[in-house]
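Listing of my_file_15.csv; format and content: CSV, C-alpha atoms.
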```csv
chain,number,residue,atom,x,y,z
A,595,MET,CA,-16.8,3.1,-25.1
A,596,THR,CA,-14.7,0.5,-23.3
A,597,GLU,CA,-15.5,-0.8,-19.8
A,598,TYR,CA,-12.4,1.1,-18.6
A,599,GLU,CA,-13.9,4.4,-19.9
A,600,LYS,CA,-17.3,3.7,-18.6
A,601,GLU,CA,-15.9,3.3,-15.1
A,602,TRP,CA,-14.7,6.9,-15.2
A,603,PHE,CA,-18.3,8.1,-15.9
A,604,GLU,CA,-20.0,5.7,-13.5
A,605,LYS,CA,-17.7,6.0,-10.5
A,606,ASP,CA,-17.2,9.2,-8.5
A,607,TYR,CA,-13.6,8.7,-7.2
A,608,TYR,CA,-13.9,11.9,-5.1
A,609,ALA,CA,-16.9,10.5,-3.3
A,610,ILE,CA,-15.2,7.2,-2.8
A,611,LEU,CA,-12.3,8.9,-1.0
A,612,GLY,CA,-14.6,11.3,0.8
A,613,VAL,CA,-13.1,14.5,-0.6
A,614,THR,CA,-14.4,17.4,-2.7
A,615,GLU,CA,-13.6,17.9,-6.4
A,616,ASN,CA,-11.6,21.0,-5.3
A,617,ALA,CA,-9.5,19.1,-2.8
A,618,SER,CA,-5.8,19.6,-2.9
A,619,ALA,CA,-3.3,16.9,-3.7
A,620,LYS,CA,-2.2,16.9,0.0
A,621,GLU,CA,-5.8,16.5,1.2
A,622,ILE,CA,-6.4,13.6,-1.2
A,623,LYS,CA,-3.2,11.8,-0.2
A,624,SER,CA,-3.9,12.3,3.5
A,625,LYS,CA,-7.4,10.9,3.1
A,626,TYR,CA,-6.2,7.9,1.1
A,627,ARG,CA,-3.5,7.0,3.6
A,628,LYS,CA,-6.1,7.1,6.5
A,629,LEU,CA,-8.6,4.9,4.6
A,630,ALA,CA,-5.9,2.5,3.4
A,631,ARG,CA,-4.7,1.9,7.0
A,632,GLU,CA,-8.3,1.4,8.3
A,633,LEU,CA,-9.3,-0.9,5.5
A,634,HIS,CA,-6.0,-2.8,5.0
A,635,PRO,CA,-6.4,-6.6,5.0
A,636,ASP,CA,-3.9,-6.9,7.9
A,637,ALA,CA,-6.2,-4.7,10.0
A,638,ASN,CA,-9.3,-6.6,9.0
A,639,PRO,CA,-8.4,-10.3,8.7
A,640,GLY,CA,-11.2,-12.3,7.0
A,641,ASP,CA,-13.3,-9.2,6.3
A,642,THR,CA,-14.1,-9.4,2.6
A,643,GLY,CA,-16.1,-6.2,2.7
A,644,ALA,CA,-13.1,-4.2,4.0
A,645,GLU,CA,-10.9,-5.9,1.4
A,646,GLY,CA,-13.3,-4.8,-1.4
A,647,ARG,CA,-13.3,-1.2,-0.1
A,648,PHE,CA,-9.5,-1.3,0.2
A,649,LYS,CA,-9.3,-2.1,-3.6
A,650,GLU,CA,-11.9,0.5,-4.4
A,651,VAL,CA,-10.1,3.2,-2.5
A,652,SER,CA,-6.8,2.2,-4.0
A,653,ALA,CA,-8.3,2.4,-7.5
A,654,ALA,CA,-9.7,5.8,-6.8
A,655,TYR,CA,-6.4,7.2,-5.5
A,656,ASP,CA,-4.5,5.7,-8.5
A,657,VAL,CA,-6.5,8.1,-10.7
A,658,ILE,CA,-7.2,11.3,-8.7
A,659,GLY,CA,-3.9,10.9,-6.7
A,660,ASP,CA,-2.0,11.4,-10.0
A,661,GLU,CA,-2.0,14.9,-11.4
A,662,ASP,CA,-2.1,13.9,-15.0
A,663,LYS,CA,-4.7,11.2,-14.6
A,664,ARG,CA,-6.8,13.5,-12.4
A,665,ALA,CA,-6.9,16.2,-15.1
A,666,ARG,CA,-7.9,13.6,-17.8
A,667,TYR,CA,-10.5,12.1,-15.4
A,668,ASP,CA,-12.1,15.5,-14.7
A,669,GLU,CA,-12.1,16.4,-18.4
A,670,VAL,CA,-13.7,13.1,-19.5
A,671,ARG,CA,-16.5,13.4,-16.8
A,672,LYS,CA,-17.2,17.0,-17.9
A,673,MET,CA,-17.6,15.9,-21.5
A,674,GLY,CA,-20.0,13.1,-20.6
A,675,PRO,CA,-20.6,9.9,-22.6
A,676,ILE,CA,-22.7,11.5,-25.4
A,677,GLY,CA,-20.0,13.3,-27.5
A,678,PRO,CA,-19.6,12.1,-31.1
A,679,MET,CA,-16.2,10.7,-30.4
A,680,PHE,CA,-17.9,8.0,-28.2
A,681,GLY,CA,-20.3,7.0,-30.9
A,682,GLY,CA,-23.5,8.4,-29.5
A,683,GLY,CA,-25.6,11.6,-29.4
A,684,ARG,CA,-25.8,14.5,-31.9
A,685,GLY,CA,-23.1,15.8,-34.0
A,686,PRO,CA,-21.1,18.9,-33.0
A,687,GLY,CA,-22.9,22.2,-33.4
A,688,PRO,CA,-21.7,25.8,-33.3
A,689,GLY,CA,-19.7,26.5,-30.3
A,690,ASP,CA,-19.5,22.8,-29.2
A,691,PHE,CA,-15.8,22.6,-30.0
A,692,ASN,CA,-13.4,25.5,-29.8
A,693,VAL,CA,-10.1,23.7,-30.1
A,694,GLY,CA,-7.5,23.3,-32.9
A,695,MET,CA,-6.5,20.1,-34.6
A,696,HIS,CA,-3.5,19.8,-32.4
A,697,ASP,CA,-5.7,20.0,-29.2
A,698,ILE,CA,-8.1,17.4,-30.6
A,699,GLY,CA,-5.2,15.0,-31.3
A,700,ASP,CA,-3.9,15.5,-27.7
A,701,LEU,CA,-7.4,15.0,-26.3
A,702,LEU,CA,-8.0,11.8,-28.2
A,703,GLY,CA,-4.5,10.5,-27.4
A,704,GLY,CA,-5.1,11.1,-23.8
A,705,LEU,CA,-8.5,9.5,-23.7
A,706,PHE,CA,-7.6,6.4,-25.7
A,707,ASN,CA,-3.9,6.0,-24.9
A,708,ARG,CA,-3.0,6.3,-28.5
A,709,GLY,CA,0.3,4.7,-29.5
A,710,GLY,CA,0.7,2.7,-26.3
A,711,ARG,CA,1.7,-0.9,-25.9
A,712,SER,CA,0.7,-3.9,-23.8
A,713,ARG,CA,1.2,-7.6,-23.5
A,714,GLY,CA,-1.5,-8.2,-26.1
A,715,GLY,CA,0.6,-7.3,-29.2
A,716,PRO,CA,2.7,-4.7,-31.0
A,717,GLY,CA,-0.3,-2.3,-31.4
A,718,ALA,CA,-2.1,-2.9,-28.2
A,719,ALA,CA,-3.3,0.0,-26.0
A,720,GLN,CA,-1.3,1.2,-23.0
A,721,GLY,CA,-2.5,-0.6,-19.8
A,722,GLN,CA,-3.1,1.0,-16.4
A,723,ARG,CA,-0.2,1.6,-14.0
A,724,GLY,CA,-0.4,-0.3,-10.7
A,725,ASN,CA,-1.2,1.5,-7.5
A,726,ASP,CA,1.6,2.9,-5.3
A,727,ILE,CA,1.9,1.2,-1.8
A,728,GLU,CA,3.0,3.0,1.3
A,729,VAL,CA,4.4,1.2,4.4
A,730,ASP,CA,6.0,2.3,7.7
A,731,LEU,CA,9.3,1.1,8.9
A,732,THR,CA,10.7,1.7,12.4
A,733,LEU,CA,14.5,1.5,12.8
A,734,ASP,CA,16.8,1.3,15.7
A,735,PHE,CA,19.0,4.4,16.1
A,736,ASP,CA,22.2,2.4,15.3
A,737,ASP,CA,20.7,1.0,12.1
A,738,ALA,CA,19.6,4.4,10.9
A,739,VAL,CA,23.0,5.9,11.5
A,740,ASN,CA,25.0,3.1,9.9
A,741,GLY,CA,22.5,1.9,7.2
A,742,LEU,CA,21.4,-1.7,6.6
A,743,GLU,CA,19.7,-4.1,4.2
A,744,THR,CA,16.5,-5.5,5.5
A,745,ALA,CA,13.3,-7.1,4.4
A,746,ILE,CA,9.8,-5.6,4.8
A,747,SER,CA,6.9,-7.9,5.3
A,748,LEU,CA,3.6,-6.6,4.0
A,749,THR,CA,0.2,-7.8,2.7
A,750,SER,CA,-0.8,-6.1,-0.5
A,751,GLU,CA,-1.8,-6.5,-4.1
A,752,ALA,CA,0.8,-8.7,-5.9
A,753,THR,CA,1.1,-10.6,-9.1
A,754,CYS,CA,-1.1,-13.6,-9.0
A,755,SER,CA,0.8,-16.7,-7.8
A,756,GLY,CA,-1.6,-18.9,-9.7
A,757,CYS,CA,-1.2,-17.5,-13.2
A,758,GLY,CA,1.8,-15.2,-13.0
A,759,GLY,CA,-0.3,-12.2,-13.8
A,760,THR,CA,-1.8,-13.4,-17.1
A,761,GLY,CA,-5.3,-13.7,-15.6
A,762,SER,CA,-5.7,-17.1,-17.4
A,763,GLU,CA,-5.8,-20.5,-15.8
A,764,PRO,CA,-2.5,-22.3,-16.2
A,765,GLY,CA,-2.5,-24.5,-19.3
A,766,SER,CA,-5.1,-22.3,-20.9
A,767,PRO,CA,-3.2,-19.3,-22.2
A,768,PRO,CA,-5.0,-16.2,-23.5
A,769,SER,CA,-5.8,-16.3,-27.2
A,770,LYS,CA,-5.4,-13.5,-29.7
A,771,CYS,CA,-8.5,-11.2,-29.9
A,772,GLU,CA,-10.0,-11.8,-33.3
A,773,SER,CA,-11.8,-8.4,-33.3
A,774,CYS,CA,-8.7,-6.3,-33.2
A,775,ASP,CA,-6.3,-9.0,-34.5
A,776,GLY,CA,-4.3,-8.8,-31.3
A,777,LYS,CA,-3.6,-5.1,-31.6
A,778,GLY,CA,-5.8,-4.0,-28.7
A,779,VAL,CA,-7.1,-1.0,-30.6
A,780,HIS,CA,-9.2,-0.1,-33.6
A,781,ASP,CA,-8.0,2.7,-35.9
A,782,GLU,CA,-10.7,5.0,-37.2
A,783,ASN,CA,-10.4,7.7,-39.9
A,784,GLN,CA,-12.6,10.7,-39.3
A,785,GLY,CA,-11.6,12.7,-42.4
A,786,LEU,CA,-9.3,15.5,-41.2
A,787,PHE,CA,-8.0,13.4,-38.4
A,788,SER,CA,-7.8,9.8,-37.2
A,789,PHE,CA,-7.6,8.2,-33.8
A,790,SER,CA,-7.4,4.9,-32.1
A,791,ARG,CA,-9.8,3.5,-29.6
A,792,PRO,CA,-9.4,0.5,-27.4
A,793,CYS,CA,-11.0,-2.7,-28.6
A,794,GLN,CA,-14.3,-3.3,-26.7
A,795,SER,CA,-14.0,-7.1,-27.1
A,796,CYS,CA,-10.7,-7.4,-25.2
A,797,GLY,CA,-10.6,-4.1,-23.3
A,798,GLY,CA,-7.4,-3.1,-25.0
A,799,ARG,CA,-5.4,-6.2,-24.0
A,800,GLY,CA,-5.1,-7.6,-27.4
A,801,SER,CA,-6.0,-11.0,-26.0
A,802,VAL,CA,-9.0,-12.8,-24.7
A,803,ILE,CA,-9.2,-15.0,-21.6
A,804,SER,CA,-11.4,-18.0,-22.2
A,805,SER,CA,-10.5,-19.7,-18.9
A,806,PRO,CA,-10.0,-17.2,-16.1
A,807,CYS,CA,-7.6,-18.1,-13.3
A,808,THR,CA,-9.4,-19.5,-10.3
A,809,THR,CA,-7.0,-17.8,-7.9
A,810,CYS,CA,-7.4,-14.2,-9.1
A,811,ARG,CA,-10.6,-14.6,-11.2
A,812,GLY,CA,-8.9,-13.2,-14.2
A,813,SER,CA,-7.6,-10.0,-12.7
A,814,GLY,CA,-4.0,-11.1,-12.7
A,815,SER,CA,-3.4,-10.0,-9.1
A,816,GLU,CA,-4.2,-11.1,-5.6
A,817,VAL,CA,-3.9,-9.7,-2.1
A,818,ARG,CA,-1.2,-11.8,-0.3
A,819,PRO,CA,1.7,-11.6,2.1
A,820,ARG,CA,5.1,-10.9,0.5
A,821,GLU,CA,8.6,-9.7,1.5
A,822,VAL,CA,10.5,-6.9,-0.2
A,823,LYS,CA,14.2,-6.3,0.3
A,824,VAL,CA,15.2,-2.7,0.9
A,825,ARG,CA,18.5,-0.9,1.3
A,826,ILE,CA,18.4,1.7,4.0
A,827,PRO,CA,21.1,4.4,3.4
A,828,ALA,CA,23.3,5.5,6.3
A,829,GLY,CA,22.1,8.6,8.0
A,830,VAL,CA,18.4,8.2,7.3
A,831,LYS,CA,16.0,10.2,9.5
A,832,THR,CA,12.5,10.1,10.8
A,833,GLY,CA,10.1,11.4,8.2
A,834,GLN,CA,12.2,10.4,5.2
A,835,LYS,CA,10.6,8.4,2.4
A,836,ILE,CA,12.4,5.7,0.4
A,837,ARG,CA,11.0,4.9,-3.0
A,838,LEU,CA,11.3,1.4,-4.4
A,839,LYS,CA,10.4,1.6,-8.1
A,840,LYS,CA,8.0,-1.0,-9.5
A,841,ARG,CA,7.7,-2.8,-6.2
A,842,GLY,CA,4.1,-1.6,-5.7
A,843,ALA,CA,0.9,-3.2,-6.9
A,844,PRO,CA,1.0,-4.9,-10.4
A,845,GLY,CA,-0.4,-3.0,-13.4
A,846,TRP,CA,-3.4,-3.9,-15.4
A,847,GLY,CA,-3.5,-4.8,-19.1
A,848,GLY,CA,0.3,-4.8,-19.4
A,849,GLY,CA,0.7,-1.5,-17.5
A,850,PRO,CA,3.8,-1.1,-15.3
A,851,PRO,CA,3.7,-1.9,-11.5
A,852,GLY,CA,3.4,1.0,-9.1
A,853,ASP,CA,6.1,2.0,-6.6
A,854,LEU,CA,6.6,1.1,-3.0
A,855,PHE,CA,7.2,4.0,-0.6
A,856,VAL,CA,8.8,3.3,2.8
A,857,HIS,CA,8.2,5.9,5.5
A,858,VAL,CA,11.0,5.8,8.0
A,859,ASN,CA,10.7,6.3,11.8
A,860,VAL,CA,13.8,6.2,13.9
A,861,LYS,CA,13.8,5.2,17.6
A,862,GLN,CA,15.6,7.6,20.0
A,863,HIS,CA,18.9,6.6,21.7
A,864,GLU,CA,19.3,6.8,25.4
A,865,LEU,CA,22.7,8.6,25.1
A,866,PHE,CA,23.2,10.0,21.5
A,867,GLY,CA,21.3,12.5,19.5
A,868,ARG,CA,21.8,13.8,15.9
A,869,SER,CA,22.6,17.1,14.2
A,870,GLY,CA,22.7,16.7,10.5
A,871,LYS,CA,25.2,13.9,9.7
A,872,ASP,CA,26.9,14.3,13.1
A,873,LEU,CA,26.1,12.5,16.4
A,874,THR,CA,25.7,14.6,19.6
A,875,LEU,CA,26.5,13.6,23.1
A,876,GLU,CA,26.3,15.5,26.4
A,877,VAL,CA,29.1,14.6,28.9
A,878,PRO,CA,29.0,15.8,32.6
A,879,ILE,CA,32.2,17.0,34.1
A,880,THR,CA,33.1,18.1,37.6
A,881,PHE,CA,33.9,21.7,38.6
A,882,SER,CA,37.5,20.7,39.3
A,883,GLU,CA,37.8,19.1,35.8
A,884,ALA,CA,36.5,22.3,34.2
A,885,ALA,CA,38.7,24.6,36.3
A,886,LEU,CA,41.9,22.6,36.3
A,887,GLY,CA,41.6,20.6,33.0
A,888,ALA,CA,41.4,16.8,32.6
A,889,ASN,CA,41.4,13.8,30.3
A,890,VAL,CA,37.8,12.6,30.1
A,891,LYS,CA,36.6,9.2,28.7
A,892,VAL,CA,33.8,9.4,26.2
A,893,PRO,CA,31.7,6.5,24.7
A,894,THR,CA,31.0,6.2,20.9
A,895,LEU,CA,28.1,4.6,19.1
A,896,ASN,CA,30.1,1.6,18.0
A,897,GLY,CA,31.1,0.8,21.7
A,898,GLU,CA,34.6,2.1,21.5
A,899,VAL,CA,35.8,4.4,24.3
A,900,VAL,CA,37.9,7.4,23.5
A,901,LYS,CA,39.5,10.2,25.5
A,902,ILE,CA,39.1,14.0,25.0
A,903,ARG,CA,41.3,16.7,26.6
A,904,ILE,CA,39.4,19.3,28.7
A,905,PRO,CA,41.5,22.4,28.8
A,906,PRO,CA,41.7,24.4,32.1
A,907,GLY,CA,38.9,27.0,32.4
A,908,THR,CA,36.4,25.1,30.2
A,909,VAL,CA,32.9,26.6,30.6
A,910,SER,CA,29.7,24.6,30.7
A,911,GLY,CA,28.3,24.2,27.2
A,912,LYS,CA,31.6,24.0,25.4
A,913,THR,CA,31.4,21.6,22.4
A,914,PHE,CA,34.3,19.4,21.2
A,915,ARG,CA,34.3,17.8,17.8
A,916,LEU,CA,35.7,14.2,17.4
A,917,LYS,CA,36.1,13.7,13.7
A,918,GLY,CA,35.0,10.4,12.1
A,919,ARG,CA,33.5,9.2,15.4
A,920,GLY,CA,29.8,9.8,14.5
A,921,GLY,CA,29.0,7.1,12.0
A,922,ALA,CA,28.7,9.0,8.7
A,923,GLY,CA,29.8,12.2,10.4
A,924,ASP,CA,31.6,13.5,13.5
A,925,LEU,CA,30.8,13.1,17.2
A,926,LEU,CA,30.0,16.5,18.9
A,927,VAL,CA,30.6,16.3,22.6
A,928,THR,CA,29.2,19.0,24.7
A,929,VAL,CA,30.3,19.2,28.3
A,930,ALA,CA,28.1,20.3,31.2
A,931,VAL,CA,29.5,21.2,34.6
A,932,ALA,CA,27.7,19.0,37.2
A,933,VAL,CA,26.7,20.7,40.4
A,934,PRO,CA,26.5,18.2,43.3
A,935,GLN,CA,23.2,18.1,45.1
A,936,GLU,CA,24.7,17.2,48.4
A,937,LEU,CA,28.1,17.9,49.9
A,938,SER,CA,30.1,16.0,52.4
A,939,THR,CA,31.7,17.9,55.3
A,940,GLN,CA,35.1,17.8,53.5
A,941,GLN,CA,33.6,19.0,50.2
A,942,ARG,CA,31.8,21.8,51.9
A,943,ASP,CA,35.0,23.0,53.7
A,944,ALA,CA,36.8,22.9,50.4
A,945,VAL,CA,34.1,24.9,48.6
A,946,GLU,CA,33.9,27.5,51.4
A,947,ALA,CA,37.7,27.9,51.3
A,948,PHE,CA,37.5,28.4,47.6
A,949,ALA,CA,34.8,31.0,48.0
A,950,GLU,CA,36.8,32.9,50.6
A,951,ALA,CA,39.8,32.9,48.3
A,952,THR,CA,37.8,34.2,45.3
A,953,THR,CA,37.9,38.0,45.3
A,954,ASP,CA,36.7,38.7,41.7
A,955,SER,CA,33.0,38.6,41.0
A,956,PRO,CA,31.9,36.9,37.7
A,957,ARG,CA,29.0,39.5,37.7
A,958,ALA,CA,31.2,42.6,37.9
A,959,HIS,CA,30.4,43.5,34.2
A,960,LEU,CA,26.7,43.8,35.2
A,961,GLY,CA,27.4,46.7,37.5
A,962,VAL,CA,25.7,45.1,40.5
```
Translate this file's structure into structure tokens.
Amino acid sequence: MTEYEKEWFEKDYYAILGVTENASAKEIKSKYRKLARELHPDANPGDTGAEGRFKEVSAAYDVIGDEDKRARYDEVRKMGPIGPMFGGGRGPGPGDFNVGMHDIGDLLGGLFNRGGRSRGGPGAAQGQRGNDIEVDLTLDFDDAVNGLETAISLTSEATCSGCGGTGSEPGSPPSKCESCDGKGVHDENQGLFSFSRPCQSCGGRGSVISSPCTTCRGSGSEVRPREVKVRIPAGVKTGQKIRLKKRGAPGWGGGPPGDLFVHVNVKQHELFGRSGKDLTLEVPITFSEAALGANVKVPTLNGEVVKIRIPPGTVSGKTFRLKGRGGAGDLLVTVAVAVPQELSTQQRDAVEAFAEATTDSPRAHLGV
């Protein structure tokens, strides 16, 4: 059994994340995000204990946070390290295995990454995919509507700056593993079927590090600040998630990097709102403008001022659509008749005269 497989038996990833084995994917993700934020190096500068827990939590989520890996992890832990395929314990007895040859091939392929590739050589076993990283990004209203290119600063696992991810001290490159001849796996024939298991000498890498990098201690990665450029599409909203493939934590043993997920939060605007792709704006108008009609000036998000025609008899709540004036969509202008809180003597006389001249009640249809 390789060190990688032993870790699955020895570590309870559910306990590390503080969830039950029956926890839903949503519960696992929520717990991971909470712990990751609490333990992140940015929130605990100089705290090596928190940094270690951060890595441990990330490693646990990488397995049970992935549906396929979680299923394999649960299956391996149920089987235990004593089965004959791991080289220990008794042989199978009646009822020990109730699967066909196709199922056995799938199981062995899943456990030992049969047929995969890594940096070690053409036959090396598949490495472990890097962890996904999640960050929050707050945008101004204008930038969310129009879109932009920006850079996100974060501190996270990254390819080691000292060795470039090889895990070996510069000038002392890894050497080919003699045990597996650089393939990273050993092929074994068990009569009716055969399978490959990772080489115990090199852990499936296909190479051996004789002089580990002093920066990352041979892991190939380090926690350090870095910047990632991201293109924010026009019209992005609060709650949306942008995925940057392979910009997460580096993989292990030749595995691919994880992804970077950017969670967007958009600031509110003092004047404008949003409805789908359109912008919204409420514009107060006077009673005389609503009754007689008028040309009213309206601001737009880009600073330009346009005029809209208010027809005579316009009611409060009427919405006008200005096409192409709302960034990626239109500008929806809703008028509201403003009622003055205080009237001058002249205004009061005019309103009273209007009231006296009004003979039809707007409530006549109510029968009261």
Which residues, written as a VMD selection string, have at least one atom at most 8 Å from segment 862-866 of chain A, with all atoms listed in the file counted and residues fewer than 2 positions away on the same chain left out?
chain A and resid 734 to 735 860 868 873 to 876 895
Atom CA of Cys810 of chain A and atom CA of Gly756 of chain A are how many Å apart?
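So the two atoms, atom CA of Cys810 of chain A and atom CA of Gly756 of chain A, lie 7.5 Å apart.
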Expressed in Å to a single decimal, how great is the separation between atom CA of Gly923 of chain A and atom CA of Ser910 of chain A?
23.8 Å
What's the separation between atom CA of Pro827 of chain A and atom CA of Leu731 of chain A, in Å to one decimal place?
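About the pair atom CA of Pro827 of chain A and atom CA of Leu731 of chain A: they are 13.4 Å apart.
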If you count all atoms listed in the file, which residues fall within 10 Å of Thr760 of chain A, apart from same-chain ones fewer than 2 positions away, as a VMD selection string?
chain A and resid 713 753 to 754 756 to 758 762 to 764 767 to 768 803 806 to 807 810 812 to 815 846 to 848
When you look at Arg647 of chain A with a cut-off of 8 Å (counting only C-alpha atoms), what residues show up, excluding the ones that are within fewer than 4 positions of it in the same chain? I need them as a ChimeraX atom specification.
/A:633,643,651
Excluding same-chain residues fewer than 4 positions from Gly920 of chain A, what lies within 6 Å of it counting all atoms listed in the file, as an NGL selection string?
:A and (872-873 or 924-925)
Would you output that residue set with C-alpha atoms, as a CSV table (one decimal), keeping the file's coordinate frame?
```csv
chain,number,residue,atom,x,y,z
A,872,ASP,CA,26.9,14.3,13.1
A,873,LEU,CA,26.1,12.5,16.4
A,924,ASP,CA,31.6,13.5,13.5
A,925,LEU,CA,30.8,13.1,17.2
```
If you count only C-alpha atoms, the residue of A:Thr953, A:Val802, A:Ala885, A:Pro819 closest to Ile746 of chain A turns out to be A:Pro819
Min atom-atom distance to Gly829 of chain A from the set A:Asn859, A:Asn740, A:Ser801, A:Thr749, counting only C-alpha atoms, belongs to A:Asn740
Name the closest residue to Gly761 of chain A among the candidates A:Asp954, A:Glu898, A:Glu816, A:Asp660; distances are taken between atoms, counting all atoms listed in the file.
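Under the stated criterion, the closest residue is A:Glu816.
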For Cys793 of chain A, work out the shell of residues within 6 Å, counting only C-alpha atoms and skipping chain neighbours fewer than 2 positions away, then give it as a list in words.
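Neighbouring residues, sequence-local ones excluded: Gly778, Val779, His780, Ser795, Cys796, Gly797 and Gly798 of chain A.
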List as a PDB file with C-alpha atoms, in the coordinates of the input the residues having at least one atom at most 6 Å from position (26.3, 3.8, 12.9) as given in the file, counting all atoms listed in the file.
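Just written: selection.pdb:
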```pdb
ATOM      1  CA  ASP A 736      22.200   2.400  15.300  1.00  0.00           C
ATOM      2  CA  VAL A 739      23.000   5.900  11.500  1.00  0.00           C
ATOM      3  CA  ASN A 740      25.000   3.100   9.900  1.00  0.00           C
ATOM      4  CA  GLY A 921      29.000   7.100  12.000  1.00  0.00           C
TER       5      GLY A 921
END
```
